[in-house]
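Structure data (compact mmCIF, C-alpha atoms) from input-v3.txt:
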```
# COMPACT_ATOMS: atom_id res chain seq x y z
CA MET A 680 127.66 196.35 217.70
CA MET A 681 124.41 197.19 219.47
CA ILE A 682 122.56 197.59 216.19
CA LEU A 683 123.91 194.26 214.95
CA ASN A 684 122.61 192.54 218.07
CA LYS A 685 119.22 194.11 217.52
CA ILE A 686 119.10 192.97 213.90
CA ILE A 687 120.11 189.43 214.87
CA SER A 688 117.49 189.24 217.59
CA PHE A 689 114.89 190.69 215.19
CA TYR A 690 115.56 187.93 212.66
CA TYR A 691 115.69 185.28 215.39
CA ARG A 692 112.22 186.37 216.48
CA GLU A 693 110.94 186.38 212.88
CA TYR A 694 112.41 182.89 212.41
CA LYS A 695 110.65 181.60 215.53
CA LEU A 696 107.36 183.18 214.48
CA ASN A 697 107.52 181.80 210.96
CA LEU A 698 108.56 178.36 212.19
CA SER A 699 105.59 178.16 214.52
CA GLY A 700 103.29 179.37 211.77
CA PHE A 701 104.83 177.22 209.08
CA GLN A 702 101.47 175.92 207.91
CA ASP A 703 100.60 179.45 206.70
CA ILE A 704 103.54 179.50 204.29
CA LEU A 705 102.73 175.95 203.23
CA THR A 706 99.13 176.97 202.57
CA ASN A 707 100.40 179.72 200.27
CA ILE A 708 102.41 177.19 198.30
CA ILE A 709 99.44 174.81 198.13
CA PHE A 710 97.27 177.67 196.89
CA PHE A 711 99.84 178.26 194.14
CA PHE A 712 99.80 174.64 192.99
CA VAL A 713 96.05 174.21 193.24
CA SER A 714 95.56 177.30 191.09
CA ILE A 715 97.97 175.84 188.52
CA PHE A 716 95.77 172.70 188.45
CA ILE A 717 92.67 174.86 188.04
CA PHE A 718 94.31 176.74 185.19
CA ILE A 719 95.25 173.54 183.38
CA PHE A 720 91.78 172.08 183.82
CA SER A 721 90.23 175.23 182.44
CA ILE A 722 92.37 175.49 179.28
CA GLY A 723 92.70 171.77 178.62
CA PRO A 724 95.80 169.53 178.91
CA ASP A 725 97.20 170.31 175.45
CA LYS A 726 101.00 170.30 175.74
CA GLU A 727 101.69 172.92 173.08
CA THR A 728 99.25 175.47 174.47
CA ILE A 729 100.41 174.99 178.05
CA SER A 730 104.09 175.40 177.29
CA SER A 731 103.46 178.50 175.18
CA ILE A 732 101.54 180.37 177.89
CA GLY A 733 103.14 178.62 180.87
CA ILE A 734 105.48 181.45 181.89
CA GLY A 735 102.62 183.93 182.04
CA ILE A 736 100.54 181.54 184.15
CA VAL A 737 103.41 180.96 186.60
CA TRP A 738 104.07 184.68 187.01
CA THR A 739 100.40 185.59 187.45
CA LEU A 740 99.80 182.91 190.04
CA LEU A 741 103.02 183.74 191.91
CA LEU A 742 101.86 187.34 192.12
CA LEU A 743 98.36 186.39 193.27
CA SER A 744 99.52 183.93 195.90
CA SER A 745 102.22 186.17 197.31
CA THR A 746 99.69 189.01 197.75
CA LEU A 747 97.51 186.62 199.77
CA SER A 748 99.73 186.78 202.81
CA LEU A 749 100.02 190.56 202.84
CA ARG A 750 97.51 190.96 205.65
CA LYS A 751 100.02 189.41 208.05
CA PHE A 752 102.89 191.69 206.99
CA TYR A 753 102.55 194.27 209.78
CA GLN A 754 99.11 193.56 211.23
CA ASP A 755 100.09 191.12 214.02
CA ASP A 756 103.03 193.21 215.23
CA PHE A 757 100.87 196.30 215.05
CA GLU A 758 98.05 194.86 217.09
CA ASN A 759 100.13 193.28 219.87
CA GLY A 760 102.35 196.32 220.20
CA ASN A 761 105.63 194.82 219.00
CA LEU A 762 106.18 197.57 216.43
CA LEU A 763 106.11 200.16 219.19
CA ILE A 764 108.53 198.13 221.31
CA MET A 765 110.95 197.78 218.38
CA HIS A 766 110.79 201.51 217.83
CA LEU A 767 111.40 202.22 221.52
CA ASN A 768 114.47 200.00 221.32
CA GLY A 769 116.08 202.40 218.88
CA LEU A 770 115.09 201.14 215.45
CA SER A 771 113.59 203.86 213.26
CA PHE A 772 110.37 203.12 211.39
CA GLY A 773 112.10 203.15 208.04
CA PHE A 774 114.68 200.65 209.28
CA ILE A 775 111.92 198.41 210.66
CA ALA A 776 110.34 198.53 207.21
CA ILE A 777 113.61 197.45 205.55
CA LEU A 778 114.13 194.61 208.04
CA LYS A 779 110.52 193.45 207.61
CA THR A 780 110.87 193.54 203.83
CA PHE A 781 113.92 191.28 203.96
CA SER A 782 112.13 188.99 206.38
CA HIS A 783 109.13 188.77 204.03
CA PHE A 784 111.47 188.03 201.15
CA ILE A 785 113.24 185.25 203.05
CA PHE A 786 110.28 183.56 204.68
CA VAL A 787 107.52 184.01 202.07
CA GLN A 788 109.15 184.52 198.67
CA ILE A 789 112.05 182.05 198.93
CA PRO A 790 109.65 179.07 199.33
CA PHE A 791 107.93 180.23 196.12
CA LEU A 792 111.32 180.50 194.44
CA LEU A 793 112.08 176.92 195.44
CA SER A 794 108.74 175.66 194.17
CA ILE A 795 109.15 177.18 190.70
CA PRO A 796 111.02 174.15 189.23
CA ILE A 797 108.18 171.80 190.23
CA ALA A 798 105.67 174.16 188.65
CA CYS A 799 107.80 174.19 185.49
CA ILE A 800 107.66 170.40 185.31
CA LEU A 801 103.88 170.52 185.66
CA LEU A 802 103.54 173.19 182.98
CA ASN A 803 106.01 171.58 180.56
CA ILE A 804 108.41 174.54 180.46
CA ALA A 805 111.83 173.88 178.93
CA ASN A 806 114.93 173.85 181.11
CA ASP A 807 116.68 176.83 179.51
CA GLU A 808 113.57 178.94 180.02
CA LEU A 809 113.56 177.90 183.66
CA ILE A 810 116.81 179.81 184.25
CA TYR A 811 115.30 183.03 182.90
CA LEU A 812 112.16 182.54 184.97
CA PHE A 813 114.22 181.84 188.07
CA SER A 814 116.46 184.91 187.72
CA SER A 815 113.57 187.23 186.88
CA PHE A 816 111.56 186.00 189.86
CA ALA A 817 114.56 186.38 192.19
CA ILE A 818 114.57 190.11 191.42
CA GLY A 819 110.83 190.49 190.91
CA SER A 820 109.90 188.85 194.19
CA PHE A 821 111.99 191.37 196.11
CA ILE A 822 110.15 194.18 194.29
CA LEU A 823 106.90 192.48 195.30
CA SER A 824 108.08 192.40 198.93
CA CYS A 825 108.82 196.14 198.86
CA LEU A 826 105.44 196.92 197.29
CA GLY A 827 103.77 194.66 199.84
CA SER A 828 105.45 196.54 202.65
CA ILE A 829 104.18 199.87 201.28
CA SER A 830 100.62 198.73 200.69
CA SER A 831 100.18 196.79 203.91
CA SER A 832 101.53 199.66 206.01
CA MET A 833 99.09 201.97 204.22
CA ASN A 834 96.18 199.73 205.12
CA LEU A 835 96.98 199.20 208.81
CA MET A 836 94.16 201.50 209.94
CA ASN A 837 91.85 200.45 207.14
CA GLN A 838 89.12 198.49 208.89
CA ARG A 839 86.63 198.11 206.07
CA ASN A 840 88.32 197.31 202.79
CA PHE A 841 91.01 194.63 203.16
CA LEU A 842 91.29 193.83 199.48
CA LEU A 843 92.58 197.32 198.66
CA GLY A 844 96.12 196.37 199.73
CA SER A 845 96.29 193.53 197.20
CA VAL A 846 94.90 195.77 194.46
CA ILE A 847 97.61 198.37 195.17
CA VAL A 848 100.37 195.75 194.87
CA MET A 849 98.90 194.34 191.69
CA ILE A 850 98.50 197.70 189.96
CA PHE A 851 102.13 198.63 190.64
CA SER A 852 103.44 195.22 189.62
CA VAL A 853 102.30 195.66 186.00
CA PRO A 854 105.77 196.77 184.74
CA ILE A 855 107.44 193.91 186.63
CA ILE A 856 105.20 191.37 184.91
CA ILE A 857 105.80 192.98 181.51
CA PHE A 858 109.60 192.96 181.76
CA SER A 859 109.87 189.58 183.51
CA VAL A 860 107.75 187.76 180.96
CA GLY A 861 109.61 189.70 178.25
CA ILE A 862 112.89 188.20 179.45
CA VAL A 863 111.73 184.72 178.56
CA SER A 864 110.31 185.60 175.14
CA LEU A 865 113.20 187.90 174.09
CA GLU A 866 116.20 185.89 175.18
CA GLU A 867 118.72 187.95 173.22
CA ASN A 868 117.73 191.01 175.28
CA PHE A 869 118.38 189.27 178.58
CA ASN A 870 120.95 191.76 179.90
CA SER A 871 119.02 194.91 179.08
CA LEU A 872 115.75 193.59 180.49
CA ILE A 873 117.38 192.35 183.68
CA SER A 874 118.96 195.81 184.05
CA ILE A 875 115.54 197.45 183.73
CA LEU A 876 114.17 195.08 186.38
CA PHE A 877 117.10 195.88 188.62
CA GLY A 878 116.46 199.61 188.11
CA ILE A 879 112.82 199.18 189.14
CA LEU A 880 114.05 197.27 192.19
CA LEU A 881 116.34 200.14 193.20
CA ILE A 882 113.57 202.75 192.74
CA VAL A 883 111.08 200.74 194.81
CA PHE A 884 113.69 199.93 197.43
CA ALA A 885 114.42 203.64 197.80
CA ILE A 886 110.74 204.58 198.12
CA ASN A 887 109.92 201.72 200.50
CA PRO A 888 111.46 202.86 203.83
CA TRP A 889 110.16 206.40 203.36
CA ALA A 890 106.58 205.50 202.52
CA SER A 891 106.21 202.53 204.88
CA GLY A 892 107.95 204.31 207.74
CA LEU A 893 105.67 207.32 207.42
CA CYS A 894 102.55 205.14 207.27
CA LEU A 895 103.65 203.08 210.29
CA LYS A 896 104.31 206.24 212.26
CA LEU A 897 100.92 207.69 211.33
CA SER A 898 99.07 204.53 212.27
CA LEU A 899 100.84 204.18 215.61
CA GLU A 900 100.26 207.84 216.47
CA ASN A 901 96.55 207.73 215.73
CA ASN A 902 95.72 204.26 216.97
CA MET B 729 98.03 233.99 195.67
CA LYS B 730 97.19 232.99 199.25
CA PHE B 731 93.82 231.64 198.22
CA LEU B 732 95.59 228.61 196.77
CA VAL B 733 96.64 227.40 200.21
CA ASN B 734 94.22 229.01 202.66
CA PRO B 735 90.64 227.67 202.98
CA SER B 736 88.95 230.88 204.15
CA LYS B 737 90.66 232.99 201.47
CA PHE B 738 89.76 230.33 198.94
CA ASN B 739 86.11 230.57 199.99
CA LYS B 740 86.13 234.33 199.37
CA VAL B 741 87.78 234.08 195.95
CA ALA B 742 85.56 231.15 194.99
CA ASP B 743 82.42 233.16 195.74
CA TYR B 744 83.64 235.83 193.31
CA ILE B 745 84.69 233.61 190.45
CA PHE B 746 82.12 230.81 190.61
CA LEU B 747 79.38 232.52 188.58
CA PRO B 748 81.74 233.87 185.86
CA VAL B 749 83.34 230.43 185.54
CA LEU B 750 79.96 228.74 185.20
CA ILE B 751 78.69 231.23 182.61
CA SER B 752 81.89 231.15 180.58
CA SER B 753 81.84 227.35 180.61
CA ILE B 754 78.32 227.38 179.14
CA ILE B 755 79.30 229.93 176.47
CA LEU B 756 82.54 228.14 175.61
CA PHE B 757 80.78 224.80 175.42
CA SER B 758 78.11 226.10 173.05
CA ILE B 759 80.71 227.77 170.81
CA GLY B 760 83.03 224.75 170.95
CA LEU B 761 80.31 222.19 170.21
CA MET B 762 79.03 224.34 167.33
CA PHE B 763 82.54 224.47 165.88
CA ALA B 764 83.10 220.78 166.52
CA PHE B 765 79.87 219.62 164.90
CA TYR B 766 79.24 222.09 162.08
CA LEU B 767 82.01 224.59 161.41
CA SER B 768 85.07 222.37 161.34
CA PRO B 769 85.91 220.31 158.23
CA ASP B 770 85.89 216.53 157.93
CA ASP B 771 89.23 214.81 157.90
CA TYR B 772 90.24 213.53 154.49
CA GLN B 773 90.95 210.06 155.86
CA GLN B 774 88.91 209.74 159.04
CA GLY B 775 85.80 211.49 157.79
CA SER B 776 83.39 212.63 160.45
CA THR B 777 84.88 210.55 163.25
CA VAL B 778 87.61 213.16 163.68
CA ARG B 779 85.07 215.15 165.69
CA ILE B 780 85.46 212.69 168.58
CA MET B 781 88.91 214.22 169.04
CA TYR B 782 87.37 217.45 170.33
CA VAL B 783 86.14 215.54 173.39
CA HIS B 784 88.88 212.94 173.63
CA VAL B 785 91.96 215.17 173.67
CA PRO B 786 90.75 217.78 176.21
CA SER B 787 89.53 215.11 178.62
CA ALA B 788 92.87 213.30 178.36
CA TRP B 789 94.78 216.51 179.03
CA LEU B 790 92.58 217.33 182.00
CA ALA B 791 92.89 213.82 183.43
CA LEU B 792 96.68 214.27 183.48
CA LEU B 793 96.43 217.86 184.72
CA THR B 794 94.17 216.84 187.60
CA TYR B 795 96.62 214.19 188.73
CA ALA B 796 99.52 216.65 188.46
CA ILE B 797 97.61 219.14 190.63
CA MET B 798 96.91 216.39 193.17
CA THR B 799 100.62 215.49 193.22
CA LEU B 800 101.64 219.10 193.84
CA TYR B 801 99.11 219.50 196.62
CA SER B 802 100.16 216.19 198.21
CA ILE B 803 103.73 217.47 198.36
CA ALA B 804 102.45 220.72 199.86
CA GLY B 805 100.32 218.86 202.38
CA LEU B 806 103.00 216.39 203.48
CA ALA B 807 106.13 218.53 203.33
CA PHE B 808 104.84 221.98 204.32
CA LYS B 809 101.97 220.75 206.52
CA ILE B 810 99.30 222.66 204.60
CA PRO B 811 95.96 220.93 205.32
CA PHE B 812 94.37 222.56 202.28
CA GLY B 813 96.37 220.12 200.14
CA PHE B 814 94.48 217.18 201.64
CA ILE B 815 91.17 218.97 201.03
CA ILE B 816 92.06 219.33 197.35
CA ASN B 817 93.11 215.67 197.17
CA THR B 818 89.79 214.47 198.51
CA ALA B 819 87.72 216.86 196.43
CA VAL B 820 89.40 216.57 193.05
CA ALA B 821 89.96 212.79 192.68
CA PRO B 822 86.45 211.92 191.38
CA ILE B 823 86.68 214.70 188.78
CA GLY B 824 89.91 213.24 187.45
CA ALA B 825 88.37 209.76 187.41
CA VAL B 826 85.43 211.01 185.33
CA PHE B 827 87.75 212.77 182.86
CA THR B 828 89.84 209.60 182.50
CA LEU B 829 86.72 207.51 181.94
CA MET B 830 85.50 209.99 179.31
CA CYS B 831 88.87 209.80 177.59
CA ILE B 832 88.79 205.99 177.54
CA ILE B 833 85.18 205.75 176.35
CA SER B 834 85.52 208.36 173.59
CA GLY B 835 88.80 206.79 172.51
CA SER B 836 87.26 203.35 172.16
CA LEU B 837 84.28 204.84 170.28
CA TRP B 838 86.82 206.29 167.84
CA GLY B 839 88.86 203.12 167.76
CA LYS B 840 86.02 200.86 166.62
CA PRO B 841 85.56 202.48 163.16
CA MET B 842 89.23 203.50 162.73
CA TRP B 843 91.31 200.64 164.15
CA GLY B 844 88.55 198.05 163.89
CA THR B 845 88.57 197.23 167.61
CA TRP B 846 87.31 198.75 170.83
CA TRP B 847 90.52 198.12 172.74
CA VAL B 848 94.12 197.15 172.02
CA TRP B 849 96.83 196.40 174.58
CA ASP B 850 98.90 199.36 173.52
CA ALA B 851 101.23 201.23 175.90
CA ARG B 852 99.25 204.48 175.91
CA LEU B 853 95.88 202.79 176.39
CA THR B 854 97.14 200.50 179.13
CA SER B 855 98.82 203.28 181.06
CA VAL B 856 95.65 205.42 180.90
CA ALA B 857 93.64 202.44 182.16
CA ILE B 858 96.09 202.14 185.04
CA LEU B 859 95.65 205.86 185.72
CA PHE B 860 91.90 205.28 185.94
CA ILE B 861 92.36 202.41 188.40
CA ILE B 862 94.71 204.57 190.49
CA TYR B 863 92.01 207.26 190.64
CA LEU B 864 89.49 204.60 191.73
CA ILE B 865 91.85 203.35 194.46
CA ILE B 866 92.23 206.94 195.73
CA ILE B 867 88.44 207.33 195.90
CA PHE B 868 88.02 203.97 197.68
CA MET B 869 90.77 204.86 200.15
CA ASN B 870 88.96 208.10 200.91
CA LEU B 871 85.83 206.10 201.65
CA SER B 872 87.28 203.26 203.69
CA PHE B 873 89.40 204.85 206.43
CA GLU B 874 87.67 205.87 209.63
CA ASN B 875 90.39 208.08 211.09
CA ARG B 876 90.56 211.32 209.12
CA ILE B 877 94.19 212.27 209.90
CA VAL B 878 95.51 208.86 208.86
CA ARG B 879 93.28 208.81 205.81
CA GLU B 880 94.38 212.09 204.30
CA LYS B 881 98.09 211.46 204.81
CA VAL B 882 97.95 207.88 203.54
CA VAL B 883 96.06 209.06 200.45
CA ALA B 884 98.68 211.76 199.88
CA ILE B 885 101.49 209.18 200.09
CA PHE B 886 99.63 206.96 197.66
CA VAL B 887 99.15 209.87 195.25
CA LEU B 888 102.90 210.55 195.37
CA VAL B 889 103.80 206.90 194.77
CA GLY B 890 101.25 206.67 191.95
CA SER B 891 102.60 209.77 190.22
CA ILE B 892 105.26 207.47 188.71
CA ASN B 893 102.55 206.67 186.18
CA LEU B 894 102.27 210.28 184.90
CA PRO B 895 105.49 210.42 182.82
CA ILE B 896 104.74 206.91 181.58
CA VAL B 897 101.37 208.08 180.23
CA LYS B 898 102.92 211.19 178.71
CA PHE B 899 105.92 209.60 177.02
CA SER B 900 104.48 206.16 176.26
CA VAL B 901 103.88 207.16 172.64
CA ASP B 902 107.53 208.23 172.26
CA TRP B 903 109.18 205.38 174.16
CA TRP B 904 107.27 202.50 172.61
CA ASN B 905 106.15 201.90 169.09
CA THR B 906 102.42 202.18 169.66
CA LEU B 907 99.24 202.13 167.63
CA HIS B 908 98.15 205.34 169.34
CA GLN B 909 99.57 208.29 167.40
CA PRO B 910 102.21 210.53 169.06
CA ALA B 911 101.32 213.98 170.35
CA THR B 912 100.26 216.30 167.55
CA ILE B 913 100.45 219.51 169.56
CA SER B 914 103.68 220.08 171.44
CA LYS B 915 105.37 223.14 172.79
CA LEU B 916 108.70 222.70 171.10
CA SER B 917 107.59 222.40 167.52
CA LYS B 918 104.97 223.90 165.25
CA PRO B 919 101.76 221.88 165.60
CA SER B 920 101.02 219.65 162.64
CA ILE B 921 97.29 220.33 162.83
CA ASP B 922 95.34 222.68 160.61
CA PRO B 923 94.03 225.92 162.24
CA SER B 924 90.46 225.03 161.28
CA MET B 925 90.73 222.02 163.60
CA MET B 926 93.04 223.68 166.10
CA ILE B 927 90.56 226.43 167.04
CA PRO B 928 87.67 224.18 168.13
CA LEU B 929 90.15 221.98 170.00
CA ILE B 930 91.44 224.95 171.99
CA VAL B 931 87.91 226.26 172.63
CA MET B 932 86.80 222.83 173.84
CA THR B 933 89.86 222.56 176.08
CA PHE B 934 89.01 225.83 177.77
CA ALA B 935 85.38 224.76 178.09
CA PHE B 936 86.48 221.52 179.79
CA ILE B 937 88.81 223.47 182.10
CA MET B 938 85.97 225.79 183.09
CA VAL B 939 83.56 222.91 183.76
CA GLY B 940 86.17 221.09 185.81
CA LEU B 941 86.94 224.26 187.73
CA ALA B 942 83.25 224.89 188.49
CA ILE B 943 82.72 221.35 189.83
CA ALA B 944 86.01 221.51 191.73
CA ILE B 945 85.00 224.78 193.43
CA LEU B 946 81.71 223.26 194.54
CA ARG B 947 83.38 220.08 195.82
CA ILE B 948 86.17 221.93 197.64
CA LYS B 949 83.64 224.22 199.36
CA THR B 950 81.58 221.22 200.53
CA GLU B 951 84.73 219.54 201.77
CA ILE B 952 85.75 222.64 203.76
CA ILE B 953 82.27 222.87 205.31
CA SER B 954 82.19 219.18 206.22
CA ARG B 955 85.61 219.47 207.86
CA LYS B 956 84.55 222.51 209.83
CA SER B 957 81.55 220.66 211.21
CA ASN B 958 83.63 217.46 211.75
CA LEU B 959 81.39 215.35 209.63
CA SER B 960 84.21 213.19 208.35
```
Take the structure in this file and express it as structure tokens.
Amino acid sequence: MMILNKIISFYYREYKLNLSGFQDILTNIIFFFVSIFIFIFSIGPDKETISSIGIGIVWTLLLLSSTLSLRKFYQDDFENGNLLIMHLNGLSFGFIAILKTFSHFIFVQIPFLLSIPIACILLNIANDELIYLFSSFAIGSFILSCLGSISSSMNLMNQRNFLLGSVIVMIFSVPIIIFSVGIVSLEENFNSLISILFGILLIVFAINPWASGLCLKLSLENN
Amino acid sequence: MKFLVNPSKFNKVADYIFLPVLISSIILFSIGLMFAFYLSPDDYQQGSTVRIMYVHVPSAWLALLTYAIMTLYSIAGLAFKIPFGFIINTAVAPIGAVFTLMCIISGSLWGKPMWGTWWVWDARLTSVAILFIIYLIIIFMNLSFENRIVREKVVAIFVLVGSINLPIVKFSVDWWNTLHQPATISKLSKPSIDPSMMIPLIVMTFAFIMVGLAIAILRIKTEIISRKSNLS
């Protein structure tokens, strides 16, 4: 029961932190919508064109705007010493990474998930395609959280090149984009493509605690 | 075989083999280029552009081989705590990046007359481009960390995570229906290439290996010296 108490208090703290910094999450969402506007202004408001490339636009911008907040993934806890305190309280680094990944999924990706329908109205995407987009992003966003955990823990001690973390996430998210956008265009292959996405999710979820935990440990040892 | 994991033993062996490697690379390159330009026949469909293959294929093989070596040494460095693995990682990454870039450039030079375009979004081409970007990220990571211990281990972890891309590059022509042709030379079956084209290809491959080895020896020795004097 001790470990359950720790997990509950961890999420209570994350909830408090995210509630007090709610404008950050809102800024992410606003970035997403403003970039949709920019996209539409740049390609012209033709309905046919927009609805044919709409899914790709939504996925690209979701990826870009969810990598924006990666700097805050571990950096604050690392700098004010909370990571060390969590570890001293009996949570291993890998377990901290898993908890943080779920927290990132809940507090950063779920708002994006909820804003997808509005984006679909703006981009003139049909309702039956919306279901495919929604289900692929529900899986894909968790993969993005895992990748974000890996890359941001790698770049904790990186003082010069902050953009490298986003580039790492984007280069590994290429297969996710391919299969997620493929779901919408190849509707008869829905089950097989969603299984491939789920397989990628399991691989990344297995790598995540190992890689992030090791990087967190290294950074804390050599800080 | 201790020179593969021990810096001082490596220095001794490298002093012995550096000059032979350099000389043999020059000889092999002159023989290989002579074969590639004059002594090998034109292809009956591709004409003279088939000669680009003698640069394209060896550089592609060596780009993959370099990454595989880096993966092995990352495992050695992280799991068995052999610091020589991190030295290899730092030293060899730019060589692999150059080989990948050569592969991409020669491939697109071939693609313009043959496919009619410099670049297509084909599985093999895309995965090689991703390999190139992964090499670039490794180089930038090596440049941007200030703490050496964190840097080398983080780079090793990144190399291991990025090695997912290797089988994708290798098998992309078999898994997907691509414009890039599948492997002509494989271990399991008789190669479907004529000996008159096979010989220059093999000579050029060995020449590329020797050149890569010579540069790698120089870079590894500099890296060892700079670590001894705590420059980085």
What are the closest atom pairs, with distances in Å to one decimal, for each residue of chain A lying within 12 Å of chain B, using only C-alpha atoms, rows by chain and rising residue number, as a tab-separated table?
```
residue	atom	partner	partner_atom	distance
A:Leu826	CA	B:Val889	CA	10.4
A:Ile829	CA	B:Phe886	CA	9.2
A:Ser830	CA	B:Phe886	CA	8.8
A:Ser831	CA	B:Val882	CA	11.3
A:Ser832	CA	B:Val882	CA	9.3
A:Met833	CA	B:Val882	CA	6.1
A:Asn834	CA	B:Val882	CA	8.5
A:Leu835	CA	B:Phe873	CA	9.7
A:Met836	CA	B:Phe873	CA	6.8
A:Asn837	CA	B:Phe873	CA	5.1
A:Gln838	CA	B:Phe873	CA	6.8
A:Arg839	CA	B:Ser872	CA	5.7
A:Asn840	CA	B:Ser872	CA	6.1
A:Phe841	CA	B:Ser872	CA	9.4
A:Leu842	CA	B:Ile865	CA	10.8
A:Leu843	CA	B:Ile865	CA	7.4
A:Gly844	CA	B:Ile865	CA	9.7
A:Ser845	CA	B:Ile865	CA	11.1
A:Val846	CA	B:Ile865	CA	8.2
A:Ile847	CA	B:Ile865	CA	7.6
A:Val848	CA	B:Gly890	CA	11.3
A:Met849	CA	B:Ile858	CA	10.6
A:Ile850	CA	B:Ile858	CA	7.1
A:Phe851	CA	B:Gly890	CA	8.2
A:Ser852	CA	B:Ile858	CA	11.1
A:Val853	CA	B:Ile858	CA	9.0
A:Pro854	CA	B:Ser855	CA	10.2
A:Ile857	CA	B:Ala851	CA	11.0
A:Ile879	CA	B:Ile892	CA	11.2
A:Ile882	CA	B:Ile892	CA	10.4
A:Val883	CA	B:Val889	CA	9.5
A:Ala885	CA	B:Val889	CA	11.5
A:Ile886	CA	B:Val889	CA	8.0
A:Asn887	CA	B:Val889	CA	9.9
A:Trp889	CA	B:Ile885	CA	9.7
A:Ala890	CA	B:Ile885	CA	6.7
A:Ser891	CA	B:Ile885	CA	9.5
A:Gly892	CA	B:Ile885	CA	11.1
A:Leu893	CA	B:Ile885	CA	8.6
A:Cys894	CA	B:Val882	CA	6.5
A:Leu895	CA	B:Val882	CA	10.1
A:Lys896	CA	B:Val878	CA	9.8
A:Leu897	CA	B:Val878	CA	6.1
A:Ser898	CA	B:Val878	CA	6.6
A:Leu899	CA	B:Val878	CA	9.8
A:Glu900	CA	B:Val878	CA	9.0
A:Asn901	CA	B:Val878	CA	7.0
A:Asn902	CA	B:Asn875	CA	8.8
```
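With all atoms listed in the file taken into account, the protein and nucleic acid residues at most 10 Å from Phe816 of chain A (excluding it and anything under 5 positions from it in its own chain) are Trp738, Leu741, Gln788, Ile789, Phe791, Leu792, Ile795, Ile810, Tyr811, Phe821, Ile822, Leu823, Ile855, Ile856, Ser859 and Val860 of chain A.
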Could you turn the residues from that selection into a file that holds C-alpha atoms, as a short mmCIF file (atom, residue, chain, number, x, y, z; two decimals), in the frame of the given file?
```cif
data_model
loop_
_atom_site.label_atom_id
_atom_site.label_comp_id
_atom_site.auth_asym_id
_atom_site.auth_seq_id
_atom_site.Cartn_x
_atom_site.Cartn_y
_atom_site.Cartn_z
CA TRP A 738 104.07 184.68 187.01
CA LEU A 741 103.02 183.74 191.91
CA GLN A 788 109.15 184.52 198.67
CA ILE A 789 112.05 182.05 198.93
CA PHE A 791 107.93 180.23 196.12
CA LEU A 792 111.32 180.50 194.44
CA ILE A 795 109.15 177.18 190.70
CA ILE A 810 116.81 179.81 184.25
CA TYR A 811 115.30 183.03 182.90
CA PHE A 821 111.99 191.37 196.11
CA ILE A 822 110.15 194.18 194.29
CA LEU A 823 106.90 192.48 195.30
CA ILE A 855 107.44 193.91 186.63
CA ILE A 856 105.20 191.37 184.91
CA SER A 859 109.87 189.58 183.51
CA VAL A 860 107.75 187.76 180.96
#
```
Legend entry - Sphere at (89.3, 226.4, 171.5), radius 12 Å, counting all atoms listed in the file: residues as a ChimeraX atom specification: /B:753,755-764,768,782-783,785-786,923-937
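If you look at atom CA of Ser752 of chain B and atom CA of Gly835 of chain B, they are 26.6 Å away from each other.
Distance-wise, atom CA of Val848 of chain B and atom CA of Ile719 of chain A end up 26.2 Å apart.
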Legend entry - For atom CA of Asn739 of chain B and atom CA of Ala804 of chain B, the interatomic separation in Å (one decimal):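 Going from atom CA of Asn739 of chain B over to atom CA of Ala804 of chain B covers 19.1 Å.
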Inset, instruction - Mind checking which residues fall within 12 Å of Lys751 of chain A, counting all atoms listed in the file, ignoring those fewer than 4 positions away in the same chain, and posting them as a list in words? - result: Leu696, Asn697, Gly700, Asp703, Ile704, Ser745, Thr746, Leu747, Asp755, Asp756, Phe757, Glu758, Lys779, His783, Val787, Gly827, Ser828, Ser830, Ser831, Ser832, Asn834, Leu835, Phe841 and Gly844 of chain A
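With distances restricted to only C-alpha atoms, A:Gly733 is the closest residue to Cys799 of chain A from A:Gly819, A:Gly878, A:Gly760, A:Gly733.
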Inset, instruction - Write out as a list of chain:residue names each polymer residue whose atoms come within 7 Å of Thr780 of chain A, counting all atoms listed in the file; drop sequence neighbours fewer than 3 positions from it. - result: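 Residues near the query, excluding close chain neighbours: A:Ala776, A:Ile777, A:His783, A:Phe784, A:Ser824, A:Cys825, A:Ser828.
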Taking all atoms of segment 834-847 of chain B that appear in the file, build a box with edges along x, y and z, extend it by 8 Å on every side, and state its centre and edge lengths in Å to one decimal, as lines of an AutoDock Vina configuration file.
```
center_x = 87.8
center_y = 202.8
center_z = 168.2
size_x = 23.0
size_y = 27.1
size_z = 26.9
```
Inset, instruction - Would you mind listing what lies within 9 Å of Leu778 of chain A as a ChimeraX atom specification, with only C-alpha atoms counted and same-chain residues fewer than 3 positions away left out? - result: /A:686,689-690,773-775,781-783
Legend entry - Surrounding residues of Ala742 of chain B excluding itself and chain neighbours under 6 positions, 12 Å, all atoms listed in the file, as a PyMOL selection string: chain B and resi 731-732+734-736+748-750+941-949
Legend entry - Top pick for closest residue to Tyr795 of chain B, considering B:Trp903, B:Phe746, B:Tyr863, B:Phe765 and counting only C-alpha atoms: B:Tyr863
Inset, instruction - Can you work out which one of B:Ile952, B:Val939, B:Trp843, B:Ile780 has the shortest atom-to-atom distance to Leu747 of chain B, counting all atoms listed in the file? - result: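 Once distances to Leu747 of chain B are computed over all atoms listed in the file, the minimum belongs to B:Val939.
Only residues having an atom at most 12 Å from (91.1, 203.5, 163.9) are included; using only C-alpha atoms, these are Gln773, Gln774, Gly775, Thr777, Val778, Ile780, Gly835, Ser836, Leu837, Trp838, Gly839, Lys840, Pro841, Met842, Trp843, Gly844, Thr845, Trp846, Trp847, Val848, Leu907, His908 and Gln909 of chain B.
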